[in-house]
Amino acid sequence: MDFFDSNTAKTGVDNAKRQGFGINSLFNPLWCYHGFRMAVLGLSVFGVIMVFSSSAVTAASAGKSPFVSSMSQGVFCVIGLATGIFCSFVPVNWYRKLGFFAVLGSGLLQALTLSSLGVGQYGNNGWIQLGPVTLQPAEFVKFALCIWLPSALSVANKRYKDKGILVYIPSGIVYIALLVLILAGKDLGTALIVVFIGLVAFLTSGFPGKWMLGMIGGLGAVVLMLVMTSRNRLDRILAAYSTCSAEDAQGICYQSTHARYAIASGGLFGVGLGNSREKWNYLPAAHNDFIFAIIGEETGFIGAAMVILVFMVLGWCLVFSAIQVRQSYSSVVLMCIATWLVGQAMVNIGVVVGVFPVFGVPMPFVSAGGSSMIMCLMISGVAISMMRQQPQVKAASQRV
């Protein structure tokens with residue numbers, strides 16, 4: 001699919017180079033293309049360092065090597081980078097063709113969490129054990145939805161005028177089925193990210209507005225019902241927005257309280273890498289869902305702000321590329337990826353600083369976890385493949 005001739009490409013690259021400095025660089029497709037790749041790489045390497053720092057004490061106290069978590073994370077990072085690079089060279093049309101098979105495979109894996117292979121952690125049954133390997137299928141579901149749902153909705157949009165709203169039923173059924181499978185494992189945090197991905201896909205793909213409002217209302221009602229019917233979830237929400245009693249400080253508020261202790265201890269410049277006090281078995285999941293608290297404690301406000309800034313750069317590059325790319329399918333995919341990576345990071349950070357109740361969602365690229373790291377890097381490769389459709393980026397890539 002060649003959308004431009006060589007003269008147009010050369011002009012586009014030259015214009016991009018002239019816009020490569022100052023505030024104009026934010027509107028430069030080439031800057032965004034390279035900025036996104038550097039942001040992903042930087043976060044991944046930083047994540048391996050912080051996983052080591054936040055997990056070494058816990059591992060040593062359990063009689064394990066202090067390097068065990070960081071070594072695993074490093075291996076996952078290498079695997080993710082290799083598969084991500086491969087995904088970046090896969091033609092866009094292949095994603096459209098393989099999307100449904102990805103959804104089917106991820107759905108089957110998610111269903112296994114409800115079988116004897118299912119493994120529970122932190123009150124959620126969202127993992128499966130396959131021999132020596134533990135997988136979190138919900139991460140595969142996110143990946144599959146990002147590449148399949150935009151394609152399915154695009155096909156439905158073309159038939160909407162002739163067939164009406166019924167054309168959206170098949171894709172809606174598959175999406176809801178995946179969401180139900182995740183909720184069946186009691187993983188409300190991951191389910192919310194999947195809800196956000198779905199809403200963005202429907203919204204940006206041209207789904208009829210009057211039905212969109214109904215969809216939002218329906219999903220909101222389901223989330224409210226799930227919260228009201230679970231004492232644990234309700235207590236966590238009430239604890240986030242009320243003063244914790246002395247009893248709660250050792251119970252439902254314990255994790256969020258110690259996360260705030262860590263952030264407060266960091267001050268402006270932090271206590272230094274490796275010098276966290278909260279990681280000494282005070283803060284649960286310090287190297288997973290609450291790793292941002294350790295980042296804030298060890299690198300201070302400056303380090304925490306830099307992490308947020310990198311995610312903002314990553315999100316801007318995805319959204320800007322979604323606006324610039326000429327193929328609607330790629331545009332919606334990029335918006336879904338931005339929702340996953342940046343939205344989940346903001347939820348993770350919001351939980352740590354007390355803006356949101358405690359949800360079990362990892363920080364993309366940074367938190368410990370093989371499934372999350374590998375799938376985040378793979379979907380980044382998909383994003384790079386989509387970005388290459390821009391004339392300036394495509395021309396620059398062909399020159400390399």
# chains A, B, ... in the order shown; residues from 1 in each chain; ligands from 1
$ residues_around --residues "stretch 333-340 of chain A" --least-positions-apart "4" --cutoff "7 Å" --atoms "only C-alpha atoms" --output "list in words"
Cys146, Ile147, Pro150, Ile193, Phe196, Ile197, Val200, Ala201, Gly315, Leu318, Val319, Ala322, Tyr329, Gln344 and Ala383 of chain A
$ residues_around --residues "stretch 369-378 of chain A" --least-positions-apart "2" --cutoff "6 Å" --atoms "only C-alpha atoms" --output "ChimeraX atom specification"
/A:76,80,83-84,135-136,139,365,380-381
$ write_last_selection --atoms "C-alpha atoms" --output "mmCIF file, in the first residue's frame"
data_model
loop_
_atom_site.group_PDB
_atom_site.id
_atom_site.type_symbol
_atom_site.label_atom_id
_atom_site.label_comp_id
_atom_site.auth_asym_id
_atom_site.auth_seq_id
_atom_site.Cartn_x
_atom_site.Cartn_y
_atom_site.Cartn_z
ATOM 1 C CA PHE A 76 11.303 -11.295 29.959
ATOM 2 C CA GLY A 80 9.662 -8.971 24.778
ATOM 3 C CA THR A 83 9.094 -10.353 19.795
ATOM 4 C CA GLY A 84 8.335 -6.634 19.702
ATOM 5 C CA LEU A 135 0.886 -16.959 32.548
ATOM 6 C CA GLN A 136 -1.601 -14.134 33.028
ATOM 7 C CA GLU A 139 -2.526 -9.590 29.130
ATOM 8 C CA PHE A 365 7.129 -1.970 31.195
ATOM 9 C CA SER A 380 4.587 -1.592 21.132
ATOM 10 C CA GLY A 381 5.958 -3.424 18.103
#
$ select_by_dssp --residues "stretch 324-377 of chain A" --states "helix (DSSP H, G or I)" --output "mmCIF file with C-alpha atoms, in the first residue's frame"
data_model
loop_
_atom_site.group_PDB
_atom_site.id
_atom_site.type_symbol
_atom_site.label_atom_id
_atom_site.label_comp_id
_atom_site.auth_asym_id
_atom_site.auth_seq_id
_atom_site.Cartn_x
_atom_site.Cartn_y
_atom_site.Cartn_z
ATOM 1 C CA GLN A 324 -1.735 11.418 11.259
ATOM 2 C CA SER A 328 -8.663 4.184 9.886
ATOM 3 C CA TYR A 329 -7.904 0.693 11.188
ATOM 4 C CA SER A 330 -4.372 1.706 12.213
ATOM 5 C CA SER A 331 -5.688 4.885 13.783
ATOM 6 C CA VAL A 332 -8.116 3.026 16.047
ATOM 7 C CA VAL A 333 -5.488 0.405 16.941
ATOM 8 C CA LEU A 334 -3.069 3.148 18.019
ATOM 9 C CA MET A 335 -5.769 4.751 20.173
ATOM 10 C CA CYS A 336 -6.491 1.395 21.828
ATOM 11 C CA ILE A 337 -2.787 0.868 22.507
ATOM 12 C CA ALA A 338 -2.530 4.347 24.033
ATOM 13 C CA THR A 339 -5.502 3.562 26.270
ATOM 14 C CA TRP A 340 -3.911 0.325 27.426
ATOM 15 C CA LEU A 341 -0.359 1.515 28.078
ATOM 16 C CA VAL A 342 -0.910 5.062 29.291
ATOM 17 C CA GLY A 343 -4.336 4.524 30.840
ATOM 18 C CA GLN A 344 -3.109 1.564 32.857
ATOM 19 C CA ALA A 345 -0.002 3.479 33.958
ATOM 20 C CA MET A 346 -2.150 6.383 35.166
ATOM 21 C CA VAL A 347 -4.456 4.004 37.057
ATOM 22 C CA ASN A 348 -1.436 2.328 38.656
ATOM 23 C CA ILE A 349 0.030 5.675 39.708
ATOM 24 C CA GLY A 350 -3.372 6.903 40.889
ATOM 25 C CA VAL A 351 -3.732 3.855 43.137
ATOM 26 C CA VAL A 352 -0.287 4.380 44.668
ATOM 27 C CA VAL A 353 -0.845 8.074 45.464
ATOM 28 C CA GLY A 370 6.577 -11.775 32.447
ATOM 29 C CA SER A 371 3.168 -11.732 30.764
ATOM 30 C CA SER A 372 2.794 -7.977 31.195
ATOM 31 C CA MET A 373 6.324 -7.131 30.061
ATOM 32 C CA ILE A 374 6.262 -9.349 26.976
ATOM 33 C CA MET A 375 2.780 -8.321 25.812
ATOM 34 C CA CYS A 376 3.448 -4.618 26.386
ATOM 35 C CA LEU A 377 6.592 -4.837 24.270
#
$ closest_residue --among "A:Ile182, A:Leu41, A:Tyr95, A:Ala62" --to "A:Val78" --atoms "only C-alpha atoms"
A:Leu41
$ closest_residue --among "A:Thr229, A:Ser367, A:Ser385, A:Ser115" --to "A:Leu181" --atoms "only C-alpha atoms"
A:Ser115
$ closest_residue --among "A:Ala395, A:Leu234, A:Ala286, A:Leu203" --to "A:His258" --atoms "only C-alpha atoms"
A:Ala286
$ closest_residue --among "A:Val358, A:Ala184, A:Val57, A:Met38" --to "A:Asp235" --atoms "only C-alpha atoms"
A:Val358
